[in-house]
Structure formats: C-alpha cells, structure tokens
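Chemist: Below is the file my_file-v4.tsv, which contains TSV, C-alpha atoms.
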chain	number	residue	atom	x	y	z
J	1	MET	CA	185.30	24.12	-71.24
J	2	ALA	CA	185.65	23.13	-74.85
J	3	ALA	CA	186.41	19.60	-73.74
J	4	VAL	CA	183.17	19.44	-71.67
J	5	ALA	CA	181.14	20.72	-74.60
J	6	GLN	CA	182.69	18.17	-76.85
J	7	ASN	CA	181.77	15.36	-74.41
J	8	VAL	CA	178.13	16.53	-74.27
J	9	VAL	CA	177.94	16.55	-78.04
J	10	ASN	CA	179.41	13.09	-78.21
J	11	SER	CA	176.91	11.83	-75.59
J	12	ASP	CA	173.96	13.23	-77.53
J	13	ASP	CA	175.19	11.65	-80.70
J	14	GLN	CA	175.57	8.33	-78.99
J	15	PHE	CA	171.96	8.54	-77.52
J	16	ALA	CA	170.60	9.35	-80.95
J	17	LYS	CA	172.40	6.44	-82.42
J	18	ASN	CA	171.05	4.13	-79.75
J	19	CYS	CA	167.48	5.35	-80.28
J	20	ASN	CA	167.74	4.89	-84.01
J	21	SER	CA	169.35	1.51	-83.77
J	22	PRO	CA	167.24	-1.60	-84.73
J	23	THR	CA	167.89	-3.20	-81.34
J	24	HIS	CA	166.23	-0.33	-79.46
J	25	ASN	CA	163.16	-0.35	-81.73
J	26	SER	CA	162.62	-4.09	-81.27
J	27	GLU	CA	162.79	-3.81	-77.49
J	28	THR	CA	160.17	-1.02	-77.52
J	29	ASP	CA	157.81	-3.00	-79.75
J	30	SER	CA	158.23	-6.05	-77.55
J	31	LYS	CA	157.27	-4.13	-74.40
J	32	SER	CA	154.24	-2.57	-76.14
J	33	SER	CA	152.91	-5.97	-77.33
J	34	ASP	CA	153.40	-7.45	-73.86
J	35	SER	CA	151.34	-4.68	-72.24
J	36	LYS	CA	148.54	-5.12	-74.80
J	37	ALA	CA	148.44	-8.87	-74.19
J	38	GLU	CA	148.26	-8.34	-70.46
J	39	PHE	CA	145.46	-5.79	-70.90
J	40	HIS	CA	143.39	-8.20	-73.01
J	41	LYS	CA	144.04	-10.94	-70.48
J	42	ASN	CA	142.71	-8.77	-67.64
J	43	ILE	CA	139.64	-7.84	-69.69
J	44	ASN	CA	138.90	-11.51	-70.42
J	45	GLU	CA	139.27	-12.44	-66.75
J	46	LEU	CA	136.90	-9.62	-65.74
J	47	ALA	CA	134.34	-10.68	-68.35
J	48	ASP	CA	134.56	-14.27	-67.12
J	49	ILE	CA	133.93	-13.17	-63.53
J	50	LEU	CA	130.96	-10.99	-64.50
J	51	SER	CA	129.42	-13.79	-66.57
J	52	LYS	CA	129.21	-15.97	-63.46
J	53	LEU	CA	127.21	-13.39	-61.48
J	54	ASN	CA	123.40	-13.73	-61.16
J	55	PRO	CA	121.75	-10.41	-62.13
J	56	TRP	CA	118.63	-11.40	-60.15
J	57	ALA	CA	120.49	-11.91	-56.88
J	58	LYS	CA	119.26	-9.81	-53.95
J	59	GLU	CA	122.31	-7.57	-53.90
J	60	PHE	CA	121.78	-6.57	-57.54
J	61	VAL	CA	117.99	-5.97	-57.40
J	62	PRO	CA	116.80	-2.45	-56.41
J	63	SER	CA	114.99	-2.36	-53.10
J	64	ALA	CA	111.90	-0.92	-54.80
J	65	TYR	CA	111.34	-4.27	-56.52
J	66	ARG	CA	111.64	-6.33	-53.36
J	67	GLN	CA	108.54	-7.84	-51.80
J	68	LYS	CA	107.24	-7.23	-48.31
J	69	ASN	CA	109.01	-10.22	-46.83
J	70	ASP	CA	112.03	-12.29	-47.70
J	71	GLN	CA	109.97	-15.43	-48.32
J	72	SER	CA	107.94	-13.91	-51.13
J	73	PHE	CA	111.11	-12.28	-52.50
J	74	ASP	CA	112.85	-15.65	-52.61
J	75	ASN	CA	109.92	-17.08	-54.51
J	76	ASN	CA	109.97	-14.30	-57.11
J	77	PHE	CA	113.74	-13.82	-57.46
J	78	PRO	CA	116.04	-16.87	-57.38
J	79	SER	CA	119.12	-16.31	-55.23
J	80	ALA	CA	122.65	-16.31	-56.62
J	81	ASN	CA	123.60	-19.62	-55.04
J	82	LYS	CA	120.83	-21.56	-56.82
J	83	ASN	CA	122.03	-23.22	-59.99
J	84	SER	CA	118.63	-23.66	-61.57
J	85	GLY	CA	119.68	-23.25	-65.17
J	86	ASN	CA	117.13	-21.32	-67.18
J	87	ASP	CA	114.89	-20.90	-64.11
J	88	SER	CA	117.00	-17.87	-63.10
J	89	PHE	CA	115.51	-15.81	-65.90
J	90	PRO	CA	112.22	-13.97	-65.37
J	91	ASN	CA	111.03	-14.77	-68.89
J	92	ASN	CA	110.81	-18.46	-67.98
J	93	ARG	CA	108.78	-17.69	-64.86
J	94	ARG	CA	106.45	-15.56	-66.94
J	95	ARG	CA	106.15	-18.37	-69.46
J	96	ARG	CA	105.23	-20.88	-66.75
J	97	SER	CA	102.68	-18.44	-65.33
J	98	ASN	CA	101.12	-18.05	-68.76
J	99	VAL	CA	100.93	-21.84	-69.08
J	100	ASN	CA	99.12	-22.12	-65.72
J	101	GLN	CA	96.69	-19.37	-66.69
J	102	GLY	CA	96.10	-21.12	-69.99
J	103	ARG	CA	95.26	-24.33	-68.16
J	104	LYS	CA	92.80	-22.48	-65.92
J	105	ARG	CA	91.14	-20.94	-68.98
J	106	MET	CA	90.92	-24.38	-70.56
J	107	ASN	CA	89.31	-25.79	-67.40
J	108	GLY	CA	86.88	-22.87	-67.30
J	109	ARG	CA	85.94	-23.37	-70.95
J	110	ALA	CA	85.51	-27.11	-70.41
J	111	PHE	CA	83.22	-26.49	-67.42
J	112	LYS	CA	81.19	-23.95	-69.38
J	113	ALA	CA	80.89	-26.33	-72.34
J	114	GLN	CA	79.81	-29.16	-70.02
J	115	ARG	CA	77.19	-26.92	-68.40
J	116	GLU	CA	75.83	-25.79	-71.77
J	117	GLU	CA	75.63	-29.39	-72.92
J	118	SER	CA	73.69	-30.25	-69.73
J	119	ILE	CA	71.25	-27.41	-70.41
J	120	ARG	CA	70.58	-28.74	-73.91
J	121	ARG	CA	69.64	-32.09	-72.32
J	122	THR	CA	67.15	-30.48	-69.89
J	123	VAL	CA	63.55	-29.36	-70.29
J	124	TYR	CA	61.46	-27.03	-68.16
J	125	VAL	CA	58.03	-28.35	-67.16
J	126	SER	CA	55.37	-26.05	-65.66
J	127	ASP	CA	51.71	-26.24	-64.58
J	128	ILE	CA	52.34	-29.41	-62.55
J	129	ASP	CA	49.54	-30.62	-60.28
J	130	GLN	CA	50.47	-30.42	-56.59
J	131	HIS	CA	49.71	-34.12	-56.15
J	132	VAL	CA	52.13	-35.22	-58.88
J	133	THR	CA	55.35	-36.74	-57.54
J	134	GLU	CA	58.80	-36.68	-59.11
J	135	GLU	CA	58.56	-40.42	-59.78
J	136	ARG	CA	55.31	-39.96	-61.68
J	137	LEU	CA	56.69	-37.04	-63.67
J	138	ALA	CA	59.84	-38.98	-64.55
J	139	ALA	CA	57.69	-41.93	-65.67
J	140	LEU	CA	55.81	-39.64	-68.07
J	141	PHE	CA	59.04	-38.57	-69.80
J	142	SER	CA	60.76	-41.94	-69.67
J	143	GLY	CA	59.25	-42.79	-73.06
J	144	CYS	CA	61.28	-39.98	-74.64
J	145	GLY	CA	64.61	-41.28	-73.43
J	146	GLN	CA	66.61	-42.11	-70.32
J	147	VAL	CA	65.79	-39.65	-67.53
J	148	VAL	CA	68.95	-38.73	-65.58
J	149	ASP	CA	67.35	-36.41	-63.01
J	150	CYS	CA	63.96	-34.92	-62.19
J	151	ARG	CA	63.39	-32.02	-59.78
J	152	ILE	CA	59.97	-30.62	-58.85
J	153	CYS	CA	60.16	-27.11	-57.39
J	154	GLY	CA	57.69	-24.76	-55.81
J	155	ASP	CA	55.44	-24.68	-52.78
J	156	PRO	CA	53.68	-28.06	-52.30
J	157	HIS	CA	50.60	-26.10	-51.22
J	158	SER	CA	50.50	-24.28	-54.52
J	159	VAL	CA	48.02	-25.61	-57.09
J	160	LEU	CA	50.65	-25.52	-59.83
J	161	ARG	CA	54.37	-26.18	-59.60
J	162	PHE	CA	57.28	-26.47	-62.04
J	163	ALA	CA	60.11	-28.95	-62.61
J	164	PHE	CA	63.33	-29.64	-64.49
J	165	VAL	CA	63.83	-32.96	-66.26
J	166	GLU	CA	67.31	-33.90	-67.51
J	167	PHE	CA	67.87	-36.61	-70.12
J	168	ALA	CA	70.93	-38.66	-71.01
J	169	ASP	CA	71.15	-37.04	-74.46
J	170	GLU	CA	69.73	-34.15	-76.46
J	171	HIS	CA	67.41	-36.42	-78.49
J	172	GLY	CA	65.40	-37.21	-75.34
J	173	ALA	CA	65.05	-33.51	-74.51
J	174	ARG	CA	63.85	-32.69	-78.04
J	175	ALA	CA	61.34	-35.55	-77.95
J	176	ALA	CA	60.03	-34.36	-74.55
J	177	LEU	CA	58.94	-31.05	-76.10
J	178	ASN	CA	56.20	-32.97	-77.91
J	179	LEU	CA	54.57	-33.86	-74.57
J	180	GLY	CA	53.44	-30.30	-73.98
J	181	GLY	CA	49.69	-30.27	-73.28
J	182	THR	CA	49.63	-33.80	-71.83
J	183	MET	CA	47.21	-34.16	-68.93
J	184	LEU	CA	49.04	-35.04	-65.73
J	185	GLY	CA	46.74	-35.04	-62.75
J	186	TYR	CA	44.15	-32.29	-63.22
J	187	TYR	CA	46.17	-29.98	-65.47
J	188	PRO	CA	47.96	-30.17	-68.84
J	189	VAL	CA	51.69	-29.65	-68.44
J	190	ARG	CA	53.74	-27.19	-70.47
J	191	VAL	CA	57.19	-28.29	-71.70
J	192	LEU	CA	59.85	-25.84	-72.87
J	193	PRO	CA	63.63	-25.96	-73.40
J	194	SER	CA	65.39	-25.19	-70.12
J	195	LYS	CA	67.62	-22.17	-69.67
J	196	THR	CA	69.40	-23.63	-66.63
J	197	ALA	CA	71.00	-26.91	-65.66
J	198	ILE	CA	69.98	-28.97	-62.65
J	199	LEU	CA	72.36	-28.47	-59.75
J	200	PRO	CA	73.76	-31.94	-59.07
J	201	VAL	CA	73.45	-33.56	-55.66
J	202	ASN	CA	76.67	-34.73	-54.03
J	203	PRO	CA	76.77	-38.46	-54.91
J	204	THR	CA	78.10	-39.32	-51.46
J	205	PHE	CA	74.81	-38.09	-49.95
J	206	LEU	CA	72.57	-40.21	-52.18
J	207	PRO	CA	71.17	-43.53	-50.91
J	208	ARG	CA	73.66	-46.40	-51.26
J	209	SER	CA	71.37	-49.34	-50.54
J	210	GLU	CA	67.76	-50.42	-50.59
J	211	ASP	CA	67.51	-49.71	-46.85
J	212	GLU	CA	68.68	-46.12	-47.38
J	213	ARG	CA	66.20	-45.66	-50.23
J	214	GLU	CA	63.49	-46.78	-47.81
J	215	MET	CA	64.83	-44.25	-45.31
J	216	CYS	CA	64.49	-41.49	-47.92
J	217	ALA	CA	60.82	-42.36	-48.33
J	218	ARG	CA	60.39	-41.62	-44.60
J	219	THR	CA	62.45	-38.40	-44.62
J	220	VAL	CA	61.59	-34.79	-45.43
J	221	TYR	CA	63.81	-31.80	-46.08
J	222	CYS	CA	62.82	-28.68	-44.16
J	223	THR	CA	64.15	-25.16	-44.87
J	224	ASN	CA	63.68	-21.57	-43.65
J	225	ILE	CA	63.82	-22.58	-39.99
J	226	ASP	CA	64.14	-19.78	-37.46
J	227	LYS	CA	67.59	-19.75	-35.85
J	228	LYS	CA	66.03	-19.40	-32.40
J	229	VAL	CA	64.20	-22.71	-32.82
J	230	SER	CA	65.94	-25.66	-31.16
J	231	GLN	CA	66.14	-29.26	-32.33
J	232	VAL	CA	63.65	-30.24	-29.61
J	233	ASP	CA	61.20	-27.61	-30.91
J	234	VAL	CA	61.44	-29.00	-34.47
J	235	LYS	CA	60.90	-32.56	-33.25
J	236	ASN	CA	57.89	-31.60	-31.11
J	237	PHE	CA	56.39	-29.63	-34.02
J	238	PHE	CA	56.42	-32.56	-36.44
J	239	GLU	CA	55.46	-35.20	-33.89
J	240	SER	CA	52.42	-33.19	-32.83
J	241	THR	CA	51.08	-32.98	-36.38
J	242	CYS	CA	52.56	-35.90	-38.33
J	243	GLY	CA	53.81	-38.77	-36.20
J	244	GLU	CA	56.85	-40.22	-34.45
J	245	VAL	CA	60.25	-38.80	-35.47
J	246	SER	CA	62.98	-41.43	-35.41
J	247	ARG	CA	65.93	-39.23	-36.38
J	248	LEU	CA	66.44	-35.48	-36.90
J	249	ARG	CA	69.42	-33.46	-38.14
J	250	LEU	CA	69.29	-29.66	-37.65
J	251	LEU	CA	71.97	-27.75	-39.56
J	252	GLY	CA	73.01	-24.11	-39.75
J	253	ASP	CA	75.93	-21.66	-39.76
J	254	ASN	CA	76.80	-18.06	-38.98
J	255	VAL	CA	76.41	-16.94	-42.61
J	256	HIS	CA	72.79	-17.79	-43.37
J	257	SER	CA	69.92	-16.23	-41.43
J	258	THR	CA	67.94	-19.48	-41.28
J	259	ARG	CA	68.64	-23.18	-40.79
J	260	ILE	CA	67.66	-26.44	-42.45
J	261	ALA	CA	66.69	-29.85	-41.12
J	262	PHE	CA	66.35	-33.45	-42.27
J	263	VAL	CA	63.51	-35.15	-40.43
J	264	GLU	CA	63.15	-38.95	-40.60
J	265	PHE	CA	59.85	-40.42	-39.43
J	266	ALA	CA	59.12	-43.91	-38.21
J	267	MET	CA	56.42	-44.33	-40.88
J	268	ALA	CA	56.35	-43.25	-44.53
J	269	GLU	CA	52.78	-42.00	-44.05
J	270	SER	CA	54.07	-39.47	-41.52
J	271	ALA	CA	56.53	-38.08	-44.10
J	272	ILE	CA	53.64	-37.61	-46.55
J	273	LEU	CA	51.68	-35.72	-43.89
J	274	ALA	CA	54.73	-33.56	-43.15
J	275	LEU	CA	54.64	-32.21	-46.72
J	276	ASN	CA	51.38	-30.49	-45.80
J	277	CYS	CA	53.23	-28.53	-43.09
J	278	SER	CA	54.94	-26.37	-45.70
J	279	GLY	CA	53.92	-22.76	-45.06
J	280	MET	CA	53.12	-23.32	-41.38
J	281	ILE	CA	54.79	-21.06	-38.81
J	282	LEU	CA	57.60	-22.59	-36.74
J	283	GLY	CA	59.00	-20.02	-34.36
J	284	THR	CA	58.61	-16.75	-36.24
J	285	GLN	CA	58.92	-17.92	-39.86
J	286	PRO	CA	56.99	-20.13	-42.27
J	287	ILE	CA	58.89	-23.34	-43.05
J	288	ARG	CA	59.19	-25.10	-46.42
J	289	VAL	CA	58.98	-28.90	-46.51
J	290	SER	CA	59.86	-31.15	-49.46
J	291	PRO	CA	60.78	-34.81	-49.95
J	292	SER	CA	64.40	-35.58	-49.12
J	293	LYS	CA	66.77	-37.08	-51.69
J	294	THR	CA	69.27	-38.08	-49.01
J	295	PRO	CA	68.88	-40.27	-45.93
J	296	VAL	CA	69.76	-39.14	-42.43
J	297	ARG	CA	72.78	-41.30	-41.67
J	298	PRO	CA	73.78	-41.84	-38.03
J	299	ARG	CA	76.81	-39.88	-36.95
J	300	LEU	CA	80.07	-41.80	-36.77
J	301	THR	CA	81.36	-42.17	-33.23
J	302	HIS	CA	85.12	-42.03	-32.84
J	303	PRO	CA	86.60	-44.24	-30.08
J	304	THR	CA	88.01	-42.27	-27.20
J	305	SER	CA	91.64	-42.85	-26.34
J	306	ASN	CA	92.42	-43.76	-22.76
Using the file provided, produce a representation of the structure as structure tokens.
Modeler:
Amino acid sequence: MAAVAQNVVNSDDQFAKNCNSPTHNSETDSKSSDSKAEFHKNINELADILSKLNPWAKEFVPSAYRQKNDQSFDNNFPSANKNSGNDSFPNNRRRRSNVNQGRKRMNGRAFKAQREESIRRTVYVSDIDQHVTEERLAALFSGCGQVVDCRICGDPHSVLRFAFVEFADEHGARAALNLGGTMLGYYPVRVLPSKTAILPVNPTFLPRSEDEREMCARTVYCTNIDKKVSQVDVKNFFESTCGEVSRLRLLGDNVHSTRIAFVEFAMAESAILALNCSGMILGTQPIRVSPSKTPVRPRLTHPTSN
C-alpha cells in the first residue's frame, strides 16, 4: 500500500514538472496562436462573402416594399445578378430623378419666359369696325414695326370687335400704343398692352403656296355646329345662301358638344357672303363663321394592296 502511494506521489510530481517545463508552455502558446489565426481567417472570409451580396436584391428586401408586379419591382430595385456599379444604390436613382425633375422645371420656366416675352410683344385693340379686315388692321400697325400675327375676334355681326396684334419685338408693341384713337372705318380704335399671347396656328396647316393662299380667300371657318347636322346639311345651307361649295370638311369628336367645319367655295365672293351667316340657325344652334387661315387640303388616298 505504501508502494502504491509512493507511485502516485511520484506521478503527480512528474506531471507538475511537465506542466511547468518550458517545452509544455511553448506548445500551449503555439496552439492558442493557431486557433486565433484560424478565427481571424474565418471572419475575413465571411466578411468577403457578405461584401459581395447586393442588399437591394429581392430576397433581402421586405415584401412591404415590393411593388404590385415584378416588372415595376425590377425597375425600382436592381437584382443581385446585375453588375451595374453605382446604379445598385438608391441614392443614385434618386439623384437621377432629381436631375430629370430639374430639367422639367427648366423647360417649364423656359416656356413661361417665352410666353411672357410674347405677351410683351402683343397689343390689344378694341372698338374695331365690323367691316375692317385683319389685313387692313395689320397694315395700320405695320408702320410701328414688323407684324408677326393679327387676330380679329368677336361676332362679325357685331358693330365693334376686338383683336390681338403681335410684333416681332417689344419696340413695335410700345410704338403701337400711340395709335390709340386712330380712325379705322367708322370708329376710333383703342390700343392697350395685351394680357394674353396669341395662340399660334400649327405651321403645317398654314398655306404653303400661292394657290393655297388663294384657297384660303375662298374658305370660311364655321363653329358651333349641331352634332345632329350632317355634312350634306351644311353644304346645302351655304349653297342656298352664298354660292357653290367646292370642298367641305366637317370635324368633331365625342368630347365636344358641337362640331366645326371648313367650307371652301368656288368663288371668293361666296366666302364673303358666308361671313354674314354668322348667328344664323343651322339645326338647333346658331353658327359662327369667320375667315379661315388654313386651306382645305384634299385627303390623301392610300393605294390598296391586292
């Protein structure tokens, strides 16, 4: 028994010596440094993997942020397999959106500035004799500067009408104000700065040749036509009171309650007579007739394929 106890004591002493020996300490430190190096290696590998993931990919975006359909979602959130560089970040999309909105604001400001500049070049003329034509009115103001456009408005049957005259520059408009009180026909005209610009006519509709200008002289523009009135009714109405109609274009849609028409006569005298029809009843409504600025062009016929 004493021999067994002595062996145990000797074994414990030997274990203590081994633990306290420099060789054992170095082995322990070596194992500890190896485990730390492996841990840092795993952390670096995990960080590298996570850095390659796209946080805006579908699988990482909450369903509450997704759009109604996949197409709109793809437009708003770039998928993980698209290597679009900085385009994957929402800040860049927001920046591009702001740029587009800025361009729209710039276009809106440019349009507003152009409209205001057009208003400054326009004068409002009132108390115009019903027999005064746009050509005669434009000739009156041509001494003030280049006249770009001239529009007489109002019922031709009215004793007095009004007009807008637009000049090429502001100097012409300022000079035109001095013509207030000038006798034109039977009445002195009044000239004031305009508060509105003249709505431009589509250039493609304007006459392109001398023949088309001659066609305009034989054409009238008719508005407020009853929708129940047919093209034959309009033609018969003007032929019975004015003269032969060579071409007629009746236009309308489902939005407006009335229709319009361009009526071309065979003779210019007939078009002048047609101006006196303004206010007459056609169908159930009084029509308005004014000179046309555009000719009635024949419709293009497309060849039929066999």
Chemist: Using Å and a single decimal, report how far CA of Val255 (chain J) sits from CA of Gly154 (chain J).
Modeler: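 It comes out at 24.2 Å.
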Chemist: Env of Leu192 (chain J): 8 Å cut, atoms = only C-alpha atoms, seq-sep filter 4 positions within chain, self excluded. Answer as an NGL selection string.
Modeler: :J and (123-125 or 177 or 180)
Chemist: So which one's closest to Leu250 (chain J), J:Val296, J:Ala176, J:Cys216, J:Ile49? Using all atoms listed in the file, please.
Modeler: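 Using all atoms listed in the file, Leu250 (chain J) sits closest to J:Val296.
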Chemist: Considering all atoms listed in the file, state which residue in the set J:Ser35, J:Ser142, J:Ser278, J:Ser51 is at the smallest distance from Tyr221 (chain J).
Modeler: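 Ranking J:Ser35, J:Ser142, J:Ser278, J:Ser51 by distance to Tyr221 (chain J), first place goes to J:Ser278.
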Chemist: May I ask for the distance between CA of Ser118 (chain J) and CA of Ala197 (chain J), given in Å to one decimal place?
Modeler: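 Answer for the CA of Ser118 (chain J) to CA of Ala197 (chain J) separation: 5.9 Å.
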Chemist: Would you mind reading off the distance between CA of Ser126 (chain J) and CA of Val191 (chain J), one decimal, in Å?
Modeler: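 Spanning CA of Ser126 (chain J) to CA of Val191 (chain J) is a straight-line distance of 6.7 Å.
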Chemist: Any idea what's packed within 12 Å of Ala261 (chain J), counting all atoms listed in the file, ignoring anything in its chain fewer than 5 positions away? Could you give it as a PyMOL selection string?
Modeler: chain J and resi 219-227+229-235+238+247-252+287-292+294-296
Chemist: Using only C-alpha atoms, find each residue of region 179-288 of chain J with at least one atom at most 9 Å away from an atom of region 161-170 of chain J; report its shortest atom-to-atom pair and that distance in Å (one decimal), sort the rows by chain and rising residue number, and return the result as a tab-separated table.
Modeler:
residue	atom	partner	partner_atom	distance
J:Ser194	CA	J:Phe164	CA	7.5
J:Thr196	CA	J:Phe164	CA	8.8
J:Ala197	CA	J:Glu166	CA	8.1
J:Ile198	CA	J:Phe164	CA	6.9
Chemist: Using the file's own x, y and z axes, so that the box edges lie along x, y and z, what centre and edge lengths in Å (one decimal) does a box around every listed atom of region 138-151 of chain J get when 3 Å is added on each side? Give it as lines of an AutoDock Vina configuration file.
Modeler:
center_x = 62.4
center_y = -37.4
center_z = -67.2
size_x = 19.1
size_y = 16.8
size_z = 20.9
Chemist: Counting all atoms listed in the file, which of J:Val148, J:Lys195, J:Ala47, J:Asp127 gets nearest to Arg115 (chain J)?
Modeler: J:Lys195
Chemist: Quick one: residues within 10 Å of Phe237 (chain J), all atoms listed in the file, excluding same-chain residues fewer than 4 positions away - as an NGL selection string?
Modeler: :J and (231-233 or 241-243 or 277 or 281-283)
Chemist: Determine the nearest neighbour of Ala266 (chain J) from the options J:Gly181, J:Glu214, J:Cys144, J:Glu38, counting all atoms listed in the file.
Modeler: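 Smallest separation from Ala266 (chain J) among the options: J:Glu214.
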